[in-house]
$ cat work_10.txt   # compact mmCIF, C-alpha atoms and all ligand atoms
# COMPACT_ATOMS: atom_id res chain seq x y z
CA MET A 1 -12.74 -12.64 -19.61
CA THR A 2 -13.96 -10.33 -16.84
CA ALA A 3 -11.56 -8.40 -14.63
CA LYS A 4 -12.08 -10.71 -11.65
CA THR A 5 -10.35 -13.45 -13.63
CA TYR A 6 -7.11 -11.56 -13.12
CA PHE A 7 -7.39 -11.08 -9.36
CA PRO A 8 -4.76 -13.51 -8.10
CA GLU A 9 -4.91 -16.39 -5.62
CA HIS A 10 -1.49 -15.69 -4.12
CA TYR A 11 1.73 -13.78 -4.78
CA ARG A 12 3.18 -16.42 -7.14
CA ALA A 13 0.07 -16.38 -9.33
CA ALA A 14 -0.02 -12.59 -9.18
CA ARG A 15 3.53 -12.35 -10.45
CA THR A 16 3.06 -14.94 -13.18
CA GLY A 17 -0.17 -13.28 -14.35
CA PHE A 18 1.34 -9.80 -14.35
CA ILE A 19 4.42 -10.83 -16.33
CA ALA A 20 2.36 -12.82 -18.83
CA ALA A 21 0.06 -9.82 -19.39
CA ALA A 22 3.03 -7.46 -19.77
CA GLU A 23 4.73 -9.83 -22.24
CA ALA A 24 1.50 -10.21 -24.23
CA ALA A 25 1.38 -6.41 -24.52
CA GLN A 26 5.08 -6.43 -25.56
CA LEU A 27 6.22 -4.28 -22.64
CA GLY A 28 9.79 -4.06 -21.36
CA ILE A 29 10.11 -5.85 -17.98
CA THR A 30 12.71 -5.46 -15.22
CA SER A 31 12.77 -7.72 -12.15
CA ARG A 32 14.55 -6.85 -8.90
CA LEU A 33 15.23 -9.76 -6.54
CA LEU A 34 14.87 -9.48 -2.77
CA GLY A 35 18.05 -11.37 -1.92
CA GLY A 36 18.39 -13.86 0.92
CA ILE A 37 14.66 -14.20 1.63
CA LYS A 38 12.17 -16.69 0.22
CA GLY A 39 8.39 -16.49 0.05
CA VAL A 40 5.82 -18.55 1.92
CA ASP A 41 6.27 -21.52 -0.46
CA GLY A 42 10.03 -21.08 -0.86
CA GLU A 43 9.60 -18.98 -4.00
CA PRO A 44 11.96 -16.11 -4.88
CA LEU A 45 10.56 -12.63 -4.20
CA PHE A 46 10.69 -9.92 -6.83
CA LEU A 47 9.64 -6.36 -7.40
CA ASP A 48 8.78 -6.33 -11.11
CA THR A 49 8.32 -3.34 -13.36
CA ALA A 50 6.84 -3.18 -16.83
CA TRP A 51 6.81 -0.10 -18.99
CA ALA A 52 5.08 1.16 -22.12
CA GLY A 53 5.43 4.28 -24.23
CA ARG A 54 8.37 6.46 -25.02
CA ARG A 55 11.59 5.51 -23.20
CA ASP A 56 12.76 9.09 -22.54
CA ALA A 57 9.30 10.58 -21.94
CA LYS A 58 9.03 13.74 -19.84
CA ARG A 59 5.57 12.85 -18.52
CA ALA A 60 4.70 9.53 -16.94
CA LEU A 61 2.14 7.60 -14.95
CA LEU A 62 3.37 5.14 -12.32
CA LEU A 63 1.02 2.50 -10.87
CA ILE A 64 2.22 0.79 -7.67
CA SER A 65 0.82 -2.41 -6.15
CA GLY A 66 1.67 -4.26 -2.95
CA THR A 67 3.12 -1.40 -0.88
CA HIS A 68 1.28 -3.07 1.97
CA GLY A 69 1.94 -6.69 0.96
CA VAL A 70 -1.45 -8.29 1.59
CA GLU A 71 -3.19 -5.33 -0.08
CA GLY A 72 -1.44 -6.37 -3.30
CA TYR A 73 -4.25 -8.64 -4.50
CA PHE A 74 -6.19 -5.51 -5.38
CA GLY A 75 -3.41 -3.52 -7.05
CA SER A 76 -2.08 -6.56 -8.89
CA GLY A 77 -5.58 -7.48 -10.06
CA VAL A 78 -6.14 -3.98 -11.42
CA GLN A 79 -2.73 -3.83 -13.12
CA THR A 80 -3.06 -7.20 -14.82
CA SER A 81 -6.72 -6.68 -15.79
CA LEU A 82 -5.99 -3.27 -17.31
CA LEU A 83 -3.02 -4.65 -19.24
CA ARG A 84 -5.27 -7.40 -20.61
CA GLN A 85 -7.81 -4.75 -21.61
CA GLY A 86 -5.22 -2.87 -23.69
CA LEU A 87 -3.95 -0.25 -21.23
CA ALA A 88 -0.55 0.03 -22.95
CA ALA A 89 -2.19 1.23 -26.17
CA GLN A 90 -3.94 4.07 -24.31
CA VAL A 91 -0.70 5.77 -23.25
CA PRO A 92 -0.63 9.17 -24.98
CA PRO A 93 2.22 9.87 -27.42
CA ASP A 94 5.35 11.26 -25.75
CA CYS A 95 4.29 9.77 -22.42
CA LYS A 96 5.30 6.72 -20.46
CA LEU A 97 3.46 4.23 -18.28
CA VAL A 98 5.33 2.27 -15.62
CA LEU A 99 3.68 -0.51 -13.62
CA LEU A 100 5.46 -1.47 -10.44
CA HIS A 101 4.25 -4.87 -9.23
CA ALA A 102 4.69 -5.91 -5.56
CA LEU A 103 6.71 -3.15 -3.96
CA ASN A 104 6.69 -5.29 -0.78
CA PRO A 105 6.80 -8.84 -2.16
CA TYR A 106 7.53 -10.40 1.24
CA GLY A 107 4.32 -9.01 2.72
CA PHE A 108 2.36 -10.07 -0.37
CA SER A 109 3.68 -13.63 -0.25
CA PHE A 110 3.15 -14.04 3.52
CA ASP A 111 -0.17 -12.16 3.65
CA ARG A 112 1.28 -9.46 5.86
CA ARG A 113 0.84 -5.71 5.61
CA VAL A 114 4.46 -5.13 6.66
CA ASN A 115 7.81 -6.21 5.25
CA GLU A 116 10.47 -8.74 6.29
CA ASP A 117 11.46 -6.50 9.26
CA ASN A 118 7.89 -6.05 10.55
CA ALA A 119 8.14 -2.53 9.11
CA ASP A 120 5.44 -0.58 7.33
CA ILE A 121 7.22 0.71 4.22
CA ASN A 122 4.68 3.54 3.99
CA ARG A 123 6.03 4.88 7.33
CA ASN A 124 9.68 4.12 6.54
CA PHE A 125 11.02 7.29 4.90
CA VAL A 126 12.32 9.15 7.97
CA ASP A 127 15.72 10.10 9.32
CA HIS A 128 16.36 6.86 11.21
CA ALA A 129 19.00 8.56 13.39
CA ARG A 130 16.25 10.92 14.62
CA PRO A 131 12.86 9.36 13.85
CA PRO A 132 9.66 11.25 14.67
CA ALA A 133 8.27 10.72 18.17
CA ASN A 134 4.80 9.29 18.71
CA PRO A 135 4.20 9.57 22.48
CA ASP A 136 0.52 8.68 22.04
CA TYR A 137 1.51 5.31 20.59
CA ASP A 138 4.10 4.83 23.35
CA ASP A 139 1.31 5.17 25.93
CA LEU A 140 -0.87 2.65 24.07
CA ALA A 141 1.87 0.28 22.87
CA GLU A 142 0.98 -2.71 25.05
CA ALA A 143 -2.71 -2.48 24.27
CA ALA A 144 -2.12 -1.84 20.57
CA ALA A 145 0.01 -4.95 20.09
CA PRO A 146 -0.73 -7.33 22.99
CA LYS A 147 1.88 -9.99 23.76
CA ASP A 148 -0.92 -12.36 24.75
CA ILE A 149 -4.12 -12.80 22.75
CA SER A 150 -6.17 -14.91 25.16
CA SER A 151 -9.70 -13.51 25.24
CA ALA A 152 -9.19 -11.98 28.67
CA SER A 153 -5.97 -10.18 27.65
CA PHE A 154 -7.42 -9.03 24.35
CA ALA A 155 -10.52 -7.69 26.10
CA ALA A 156 -8.35 -5.83 28.61
CA ALA A 157 -6.25 -4.34 25.79
CA ASN A 158 -9.41 -3.30 23.95
CA SER A 159 -10.75 -1.50 26.98
CA VAL A 160 -7.53 0.56 27.20
CA LEU A 161 -7.96 1.58 23.55
CA SER A 162 -11.68 2.29 24.02
CA ALA A 163 -10.95 4.51 27.00
CA TYR A 164 -8.47 6.52 24.89
CA GLY A 165 -11.07 6.78 22.10
CA ALA A 166 -13.77 7.90 24.55
CA GLU A 167 -11.49 10.62 25.90
CA HIS A 168 -9.86 11.89 22.68
CA GLY A 169 -12.23 10.71 19.92
CA SER A 170 -12.02 7.70 17.63
CA PHE A 171 -10.10 9.52 14.88
CA ALA A 172 -7.45 10.59 17.43
CA LEU A 173 -7.13 6.94 18.46
CA GLN A 174 -6.76 5.86 14.83
CA ALA A 175 -4.14 8.59 14.26
CA ALA A 176 -2.15 7.68 17.40
CA LEU A 177 -1.98 4.05 16.34
CA SER A 178 -1.55 4.41 12.60
CA ARG A 179 0.52 7.53 11.96
CA GLY A 180 3.73 5.53 12.46
CA GLN A 181 6.00 4.72 15.41
CA TYR A 182 9.74 3.97 15.63
CA ARG A 183 10.27 2.64 19.16
CA HIS A 184 8.40 -0.67 19.18
CA PRO A 185 9.72 -3.12 16.56
CA ASP A 186 7.17 -5.72 17.68
CA GLY A 187 4.33 -3.19 17.51
CA ILE A 188 1.94 -2.22 14.74
CA TYR A 189 2.57 0.56 12.20
CA TYR A 190 6.28 0.30 13.03
CA GLY A 191 8.31 2.39 10.58
CA GLY A 192 11.49 0.31 10.76
CA ALA A 193 15.05 1.10 11.88
CA LYS A 194 16.60 1.66 8.45
CA LEU A 195 15.60 2.51 4.92
CA SER A 196 13.87 -0.62 3.61
CA TRP A 197 14.87 -2.65 0.56
CA SER A 198 11.56 -1.64 -1.02
CA LEU A 199 12.36 2.08 -0.76
CA HIS A 200 15.90 1.54 -2.07
CA MET A 201 14.35 -0.23 -5.05
CA LEU A 202 11.73 2.46 -5.54
CA LYS A 203 14.49 5.04 -5.71
CA ASP A 204 16.23 2.83 -8.24
CA VAL A 205 13.05 2.68 -10.37
CA LEU A 206 12.89 6.47 -10.28
CA GLN A 207 16.53 6.69 -11.41
CA GLU A 208 16.30 3.99 -14.07
CA GLU A 209 12.79 3.62 -15.50
CA LEU A 210 11.75 7.25 -14.81
CA LYS A 211 15.01 9.16 -15.08
CA ASP A 212 13.95 11.66 -17.78
CA VAL A 213 10.53 12.36 -16.31
CA GLU A 214 9.69 15.96 -15.36
CA GLU A 215 6.03 15.41 -14.47
CA LEU A 216 5.08 12.23 -12.66
CA THR A 217 1.63 11.03 -11.64
CA VAL A 218 1.50 8.11 -9.20
CA ILE A 219 -1.36 5.91 -8.06
CA ASP A 220 -0.51 3.62 -5.13
CA PHE A 221 -3.21 0.95 -4.61
CA HIS A 222 -4.36 0.22 -1.06
CA THR A 223 -7.16 -1.60 0.75
CA GLY A 224 -8.61 -1.80 4.25
CA LEU A 225 -10.07 1.63 4.95
CA GLY A 226 -13.65 2.66 4.19
CA GLN A 227 -16.95 0.94 3.41
CA TYR A 228 -16.93 -2.42 1.62
CA GLY A 229 -16.09 -1.73 -2.04
CA ALA A 230 -16.08 2.08 -1.66
CA ALA A 231 -13.07 4.16 -2.72
CA GLU A 232 -11.24 7.28 -1.67
CA ILE A 233 -8.44 9.02 -3.60
CA ILE A 234 -6.07 10.31 -0.95
CA THR A 235 -3.39 13.01 -1.16
CA GLU A 236 -1.11 14.29 1.59
CA ALA A 237 -0.93 17.70 -0.04
CA GLU A 238 -2.33 20.73 1.77
CA PRO A 239 -5.44 22.10 0.06
CA ASN A 240 -4.48 25.10 -2.11
CA SER A 241 -0.89 23.89 -2.52
CA ALA A 242 0.43 23.39 -6.06
CA ALA A 243 0.53 19.60 -5.54
CA TYR A 244 -3.08 19.56 -4.33
CA GLU A 245 -4.27 21.62 -7.28
CA ARG A 246 -2.46 19.35 -9.75
CA ALA A 247 -4.11 16.33 -8.15
CA GLN A 248 -7.50 18.03 -8.15
CA ARG A 249 -7.20 18.77 -11.88
CA ILE A 250 -6.71 15.04 -12.43
CA TRP A 251 -9.18 13.43 -10.00
CA GLY A 252 -11.61 16.29 -9.33
CA SER A 253 -13.99 16.03 -6.43
CA SER A 254 -12.96 12.43 -5.59
CA LEU A 255 -9.78 13.82 -4.02
CA ARG A 256 -9.42 13.86 -0.21
CA SER A 257 -6.48 15.32 1.75
CA THR A 258 -5.05 13.90 4.97
CA ALA A 259 -3.62 17.35 5.73
CA ASN A 260 -6.94 18.85 6.81
CA GLY A 261 -8.95 15.86 8.02
CA GLN A 262 -11.00 15.37 4.79
CA SER A 263 -9.73 11.82 4.43
CA LEU A 264 -10.57 8.67 6.38
CA SER A 265 -6.79 8.28 6.75
CA ALA A 266 -4.74 10.08 9.39
CA HIS A 267 -1.78 12.24 8.34
CA LEU A 268 1.20 9.85 8.38
CA HIS A 269 4.94 9.89 9.03
CA GLY A 270 7.54 8.75 6.50
CA THR A 271 5.31 7.88 3.54
CA ILE A 272 6.21 6.74 0.02
CA ASP A 273 4.72 10.02 -1.18
CA SER A 274 7.18 12.03 0.93
CA ALA A 275 10.06 9.83 -0.26
CA MET A 276 9.22 10.35 -3.92
CA ALA A 277 8.70 14.08 -3.41
CA ALA A 278 12.19 14.31 -1.85
CA TRP A 279 13.77 12.29 -4.67
CA MET A 280 11.92 14.20 -7.39
CA GLU A 281 13.28 17.51 -5.99
CA THR A 282 11.88 20.30 -8.16
CA ARG A 283 10.13 18.04 -10.66
CA ALA A 284 6.32 17.91 -10.46
CA LEU A 285 4.75 15.01 -8.59
CA SER A 286 1.07 14.14 -8.21
CA PHE A 287 0.92 11.20 -5.83
CA VAL A 288 -2.29 9.65 -4.56
CA ALA A 289 -3.25 6.50 -2.73
CA LEU A 290 -6.38 4.83 -4.08
CA GLU A 291 -7.84 3.29 -0.93
CA VAL A 292 -10.75 0.83 -1.13
CA GLY A 293 -12.82 -0.43 1.79
CA THR A 294 -13.07 -4.04 2.88
CA GLN A 295 -14.41 -4.72 6.38
CA SER A 296 -15.21 -2.57 9.42
CA VAL A 297 -12.34 -0.70 11.07
CA SER A 298 -12.62 -2.91 14.16
CA LYS A 299 -12.40 -6.16 12.15
CA VAL A 300 -9.45 -4.94 10.08
CA PHE A 301 -7.69 -3.74 13.20
CA GLU A 302 -8.24 -7.00 15.07
CA ALA A 303 -6.86 -8.98 12.12
CA LEU A 304 -3.81 -6.72 11.99
CA ARG A 305 -3.07 -7.09 15.71
CA LYS A 306 -3.49 -10.86 15.67
CA ASP A 307 -1.23 -11.18 12.64
CA ASN A 308 1.35 -9.02 14.40
CA TRP A 309 1.14 -11.28 17.46
CA LEU A 310 1.46 -14.37 15.27
CA SER A 311 4.62 -13.02 13.70
CA CYS A 312 6.23 -11.52 16.82
CA HIS A 313 5.07 -13.60 19.80
CA ALA A 314 3.29 -16.85 18.87
CA PRO A 315 4.81 -20.13 20.08
CA ALA A 316 6.03 -22.34 17.24
CA ASP A 317 3.32 -24.92 17.96
CA PHE A 318 0.44 -22.43 18.04
CA PRO A 319 -2.44 -24.45 16.53
CA HIS A 320 -4.59 -21.70 14.98
CA ARG A 321 -2.04 -20.13 12.66
CA ALA A 322 -4.10 -20.77 9.50
CA GLN A 323 -7.16 -19.16 11.08
CA ILE A 324 -5.30 -15.89 11.77
CA LYS A 325 -3.78 -15.90 8.29
CA ARG A 326 -7.26 -16.33 6.80
CA GLN A 327 -8.51 -13.47 8.97
CA ILE A 328 -5.87 -11.00 7.77
CA ARG A 329 -6.24 -12.01 4.14
CA ASP A 330 -10.01 -11.48 4.30
CA ALA A 331 -9.54 -8.14 6.07
CA PHE A 332 -7.53 -6.76 3.13
CA TYR A 333 -8.84 -8.88 0.27
CA PRO A 334 -12.49 -9.93 0.41
CA ASP A 335 -12.34 -12.74 -2.12
CA GLN A 336 -15.83 -12.01 -3.49
CA ASP A 337 -16.98 -11.21 -7.01
CA ASP A 338 -19.07 -8.15 -6.11
CA TRP A 339 -16.13 -6.60 -4.25
CA LYS A 340 -13.73 -7.31 -7.12
CA ALA A 341 -16.13 -5.74 -9.63
CA MET A 342 -16.56 -2.60 -7.51
CA VAL A 343 -12.89 -2.05 -6.73
CA PHE A 344 -11.75 -2.82 -10.26
CA ALA A 345 -14.15 -0.12 -11.50
CA HIS A 346 -12.61 2.37 -9.06
CA GLY A 347 -9.09 1.41 -10.13
CA LYS A 348 -9.90 1.68 -13.81
CA ALA A 349 -11.59 5.07 -13.38
CA ALA A 350 -8.65 6.49 -11.40
CA VAL A 351 -6.16 5.27 -14.02
CA GLU A 352 -8.26 6.63 -16.90
CA MET A 353 -8.50 10.05 -15.25
CA ALA A 354 -4.72 10.07 -14.80
CA LEU A 355 -4.13 9.04 -18.43
CA ALA A 356 -6.55 11.70 -19.69
CA ALA A 357 -4.65 14.37 -17.72
CA LEU A 358 -1.29 13.25 -19.18
ZN ZN B 1 -2.30 0.30 2.63

$ encode --input "work_10.txt" --output "structure tokens" --more "lines below"
Ligand SMILES: [Zn+2]
Amino acid sequence: MTAKTYFPEHYRAARTGFIAAAEAAQLGITSRLLGGIKGVDGEPLFLDTAWAGRRDAKRALLLISGTHGVEGYFGSGVQTSLLRQGLAAQVPPDCKLVLLHALNPYGFSFDRRVNEDNADINRNFVDHARPPANPDYDDLAEAAAPKDISSASFAAANSVLSAYGAEHGSFALQAALSRGQYRHPDGIYYGGAKLSWSLHMLKDVLQEELKDVEELTVIDFHTGLGQYGAAEIITEAEPNSAAYERAQRIWGSSLRSTANGQSLSAHLHGTIDSAMAAWMETRALSFVALEVGTQSVSKVFEALRKDNWLSCHAPADFPHRAQIKRQIRDAFYPDQDDWKAMVFAHGKAAVEMALAAL
């Protein structure tokens, strides 16, 4: 069986495949239910964890899929494929491996990047009484997330964004839109109004499955940024900081920091990385996002805005719902064998480097 066999068709299949692979490898499994909300086909939604190695290990590797819902096809595919290839047996003695499947199961099931509150859980860890300001987004809010997607309105919105890009540069535009905003619940890259269920559960995983760990390495699997099938290993740590140097020892020259503009990603507010760093306190954390490319920035961005419109503003009888859902799925999960082979290779390499460093 090749790895692509284990890239799922939808959230339900992803979950079934992951649990079957974890059971076959005789791993302990814990499932946390997202109460009161069902998936796209009425299915229950779970964040599942499986673990291998020593229960009270001081050093551990955590692999997270589905932080951004629809990006979960990739992370889930890598997790399940690696388990089927014997990953659990490669965990060094005295160490622990924890696989967290579908951190944002709602987004995975509904093919959305955000959660049940239209919130990006990777912008969610802020003081919600005093969230960070993003005046650049405020200025662009209507154009970023148009309330009307007729071609004329969309073209007008695009020209507002293009004008901003022409004046400030395209990376400044990307940063303004994507770094996170807390004033427009029907906008994109909205960080939410309260700590999300997913982050509460992540904290719980840290306190239960990882409670004895003193040194934690984390790979969080993402898609949608970069060239088709290419990968970037992204840290938020400042170059020359202890966290950066730890990450560089593990992933070498593949590492890119958002703190100094090396990465394709902007520096973000309220990330999972910052949450885990706060919860870990003085314990050592090496957290990276493995980001793989899918389509062009403009195509991914258009899919994201249309999906946001569909969720926040579309009339109930809107006839082209399926078309927009197809568009967003393709933007974050090109369902093609060559792409799966390339991104699986990146995932496997990143995990092997992390295991070697343990
Ligand atoms: Zn992502």

$ residues_near_ligand --input "work_10.txt" --ligand "ligand ZN 1 (chain B)" --cutoff "6 Å" --atoms "all atoms listed in the file" --output "list of chain:residue names"
A:His68, A:His222, A:Thr223

$ closest_atom_pairs --input "work_10.txt" --of "range 128-179 of chain A" --to "range 188-200 of chain A" --cutoff "12 Å" --atoms "all atoms listed in the file" --output "Markdown table"
| residue | atom | partner | partner_atom | distance |
| --- | --- | --- | --- | --- |
| A:His128 | CA | A:Lys194 | CA | 5.9 |
| A:Ala129 | CA | A:Ala193 | CA | 8.6 |
| A:Arg130 | CA | A:Ala193 | CA | 10.3 |
| A:Pro131 | CA | A:Ala193 | CA | 8.8 |
| A:Pro132 | CA | A:Gly191 | CA | 9.9 |
| A:Ala133 | CA | A:Gly191 | CA | 11.3 |
| A:Asn134 | CA | A:Tyr190 | CA | 10.7 |
| A:Tyr137 | CA | A:Ile188 | CA | 9.5 |
| A:Asp138 | CA | A:Ile188 | CA | 11.3 |
| A:Leu140 | CA | A:Ile188 | CA | 10.9 |
| A:Ala141 | CA | A:Ile188 | CA | 8.5 |
| A:Glu142 | CA | A:Ile188 | CA | 10.4 |
| A:Ala143 | CA | A:Ile188 | CA | 10.6 |
| A:Ala144 | CA | A:Ile188 | CA | 7.1 |
| A:Ala145 | CA | A:Ile188 | CA | 6.3 |
| A:Pro146 | CA | A:Ile188 | CA | 10.1 |
| A:Lys147 | CA | A:Ile188 | CA | 11.9 |
| A:Gln174 | CA | A:Tyr189 | CA | 11.0 |
| A:Ala175 | CA | A:Tyr189 | CA | 10.7 |
| A:Ala176 | CA | A:Tyr189 | CA | 10.0 |
| A:Leu177 | CA | A:Tyr189 | CA | 7.1 |
| A:Ser178 | CA | A:Tyr189 | CA | 5.7 |
| A:Arg179 | CA | A:Tyr189 | CA | 7.3 |

$ write_last_selection --input "work_10.txt" --atoms "C-alpha atoms" --output "tab-separated table (two decimals), in the coordinates of the input"
chain	number	residue	atom	x	y	z
A	128	HIS	CA	16.36	6.86	11.21
A	129	ALA	CA	19.00	8.56	13.39
A	130	ARG	CA	16.25	10.92	14.62
A	131	PRO	CA	12.86	9.36	13.85
A	132	PRO	CA	9.66	11.25	14.67
A	133	ALA	CA	8.27	10.72	18.17
A	134	ASN	CA	4.80	9.29	18.71
A	137	TYR	CA	1.51	5.31	20.59
A	138	ASP	CA	4.10	4.83	23.35
A	140	LEU	CA	-0.87	2.65	24.07
A	141	ALA	CA	1.87	0.28	22.87
A	142	GLU	CA	0.98	-2.71	25.05
A	143	ALA	CA	-2.71	-2.48	24.27
A	144	ALA	CA	-2.12	-1.84	20.57
A	145	ALA	CA	0.01	-4.95	20.09
A	146	PRO	CA	-0.73	-7.33	22.99
A	147	LYS	CA	1.88	-9.99	23.76
A	174	GLN	CA	-6.76	5.86	14.83
A	175	ALA	CA	-4.14	8.59	14.26
A	176	ALA	CA	-2.15	7.68	17.40
A	177	LEU	CA	-1.98	4.05	16.34
A	178	SER	CA	-1.55	4.41	12.60
A	179	ARG	CA	0.52	7.53	11.96

$ closest_residue --input "work_10.txt" --among "A:Pro334, A:Gly69, A:Gly270, A:Gly53" --to "Asn104 in chain A" --atoms "all atoms listed in the file"
A:Gly69

$ atom_distance --input "work_10.txt" --atom1 "CA of Glu352 in chain A" --atom2 "CA of Trp339 in chain A"
19.9 Å

$ residues_around --input "work_10.txt" --residues "Val300 in chain A" --least-positions-apart "6" --cutoff "8 Å" --atoms "all atoms listed in the file" --output "NGL selection string"
:A and (224 or 328 or 331-332)

$ residues_around --input "work_10.txt" --residues "range 90-103 of chain A" --least-positions-apart "4" --cutoff "6 Å" --atoms "all atoms listed in the file" --output "number ranges by chain"
A: 47-54, 57, 59-67, 198

$ closest_residue --input "work_10.txt" --among "A:Ile37, A:Val70, A:Cys312, A:Leu27" --to "Ser109 in chain A" --atoms "only C-alpha atoms"
A:Val70

$ atom_distance --input "work_10.txt" --atom1 "CA of Leu82 in chain A" --atom2 "CA of Glu232 in chain A"
19.6 Å

$ decode --input "work_10.txt" --residues "range 324-338 of chain A" --atoms "N, CA and C atoms" --output "compact mmCIF listing (two decimals), in the first residue's frame"
# COMPACT_ATOMS: atom_id res chain seq x y z
N ILE A 324 -18.65 26.17 -4.54
CA ILE A 324 -17.75 26.88 -3.63
C ILE A 324 -17.07 25.88 -2.67
N LYS A 325 -17.82 24.89 -2.23
CA LYS A 325 -17.21 23.90 -1.33
C LYS A 325 -16.12 23.11 -2.05
N ARG A 326 -16.34 22.83 -3.33
CA ARG A 326 -15.31 22.14 -4.12
C ARG A 326 -14.06 23.02 -4.24
N GLN A 327 -14.33 24.32 -4.46
CA GLN A 327 -13.23 25.27 -4.65
C GLN A 327 -12.34 25.35 -3.40
N ILE A 328 -12.96 25.40 -2.23
CA ILE A 328 -12.13 25.53 -1.02
C ILE A 328 -11.42 24.21 -0.71
N ARG A 329 -12.07 23.11 -0.97
CA ARG A 329 -11.40 21.82 -0.73
C ARG A 329 -10.18 21.69 -1.63
N ASP A 330 -10.34 22.02 -2.91
CA ASP A 330 -9.21 21.93 -3.84
C ASP A 330 -8.08 22.90 -3.47
N ALA A 331 -8.46 24.05 -2.90
CA ALA A 331 -7.44 25.06 -2.57
C ALA A 331 -6.54 24.58 -1.43
N PHE A 332 -7.05 23.71 -0.57
CA PHE A 332 -6.25 23.23 0.56
C PHE A 332 -5.90 21.75 0.47
N TYR A 333 -6.51 21.07 -0.48
CA TYR A 333 -6.24 19.63 -0.64
C TYR A 333 -6.37 19.25 -2.11
N PRO A 334 -5.31 19.46 -2.88
CA PRO A 334 -5.34 19.02 -4.28
C PRO A 334 -5.39 17.49 -4.27
N ASP A 335 -6.50 16.94 -4.71
CA ASP A 335 -6.71 15.50 -4.59
C ASP A 335 -6.02 14.78 -5.76
N GLN A 336 -4.69 14.91 -5.81
CA GLN A 336 -3.92 14.36 -6.94
C GLN A 336 -2.75 13.56 -6.42
N ASP A 337 -2.46 12.46 -7.12
CA ASP A 337 -1.44 11.52 -6.63
C ASP A 337 -0.05 12.15 -6.53
N ASP A 338 0.32 12.98 -7.51
CA ASP A 338 1.67 13.56 -7.46
C ASP A 338 1.81 14.48 -6.24
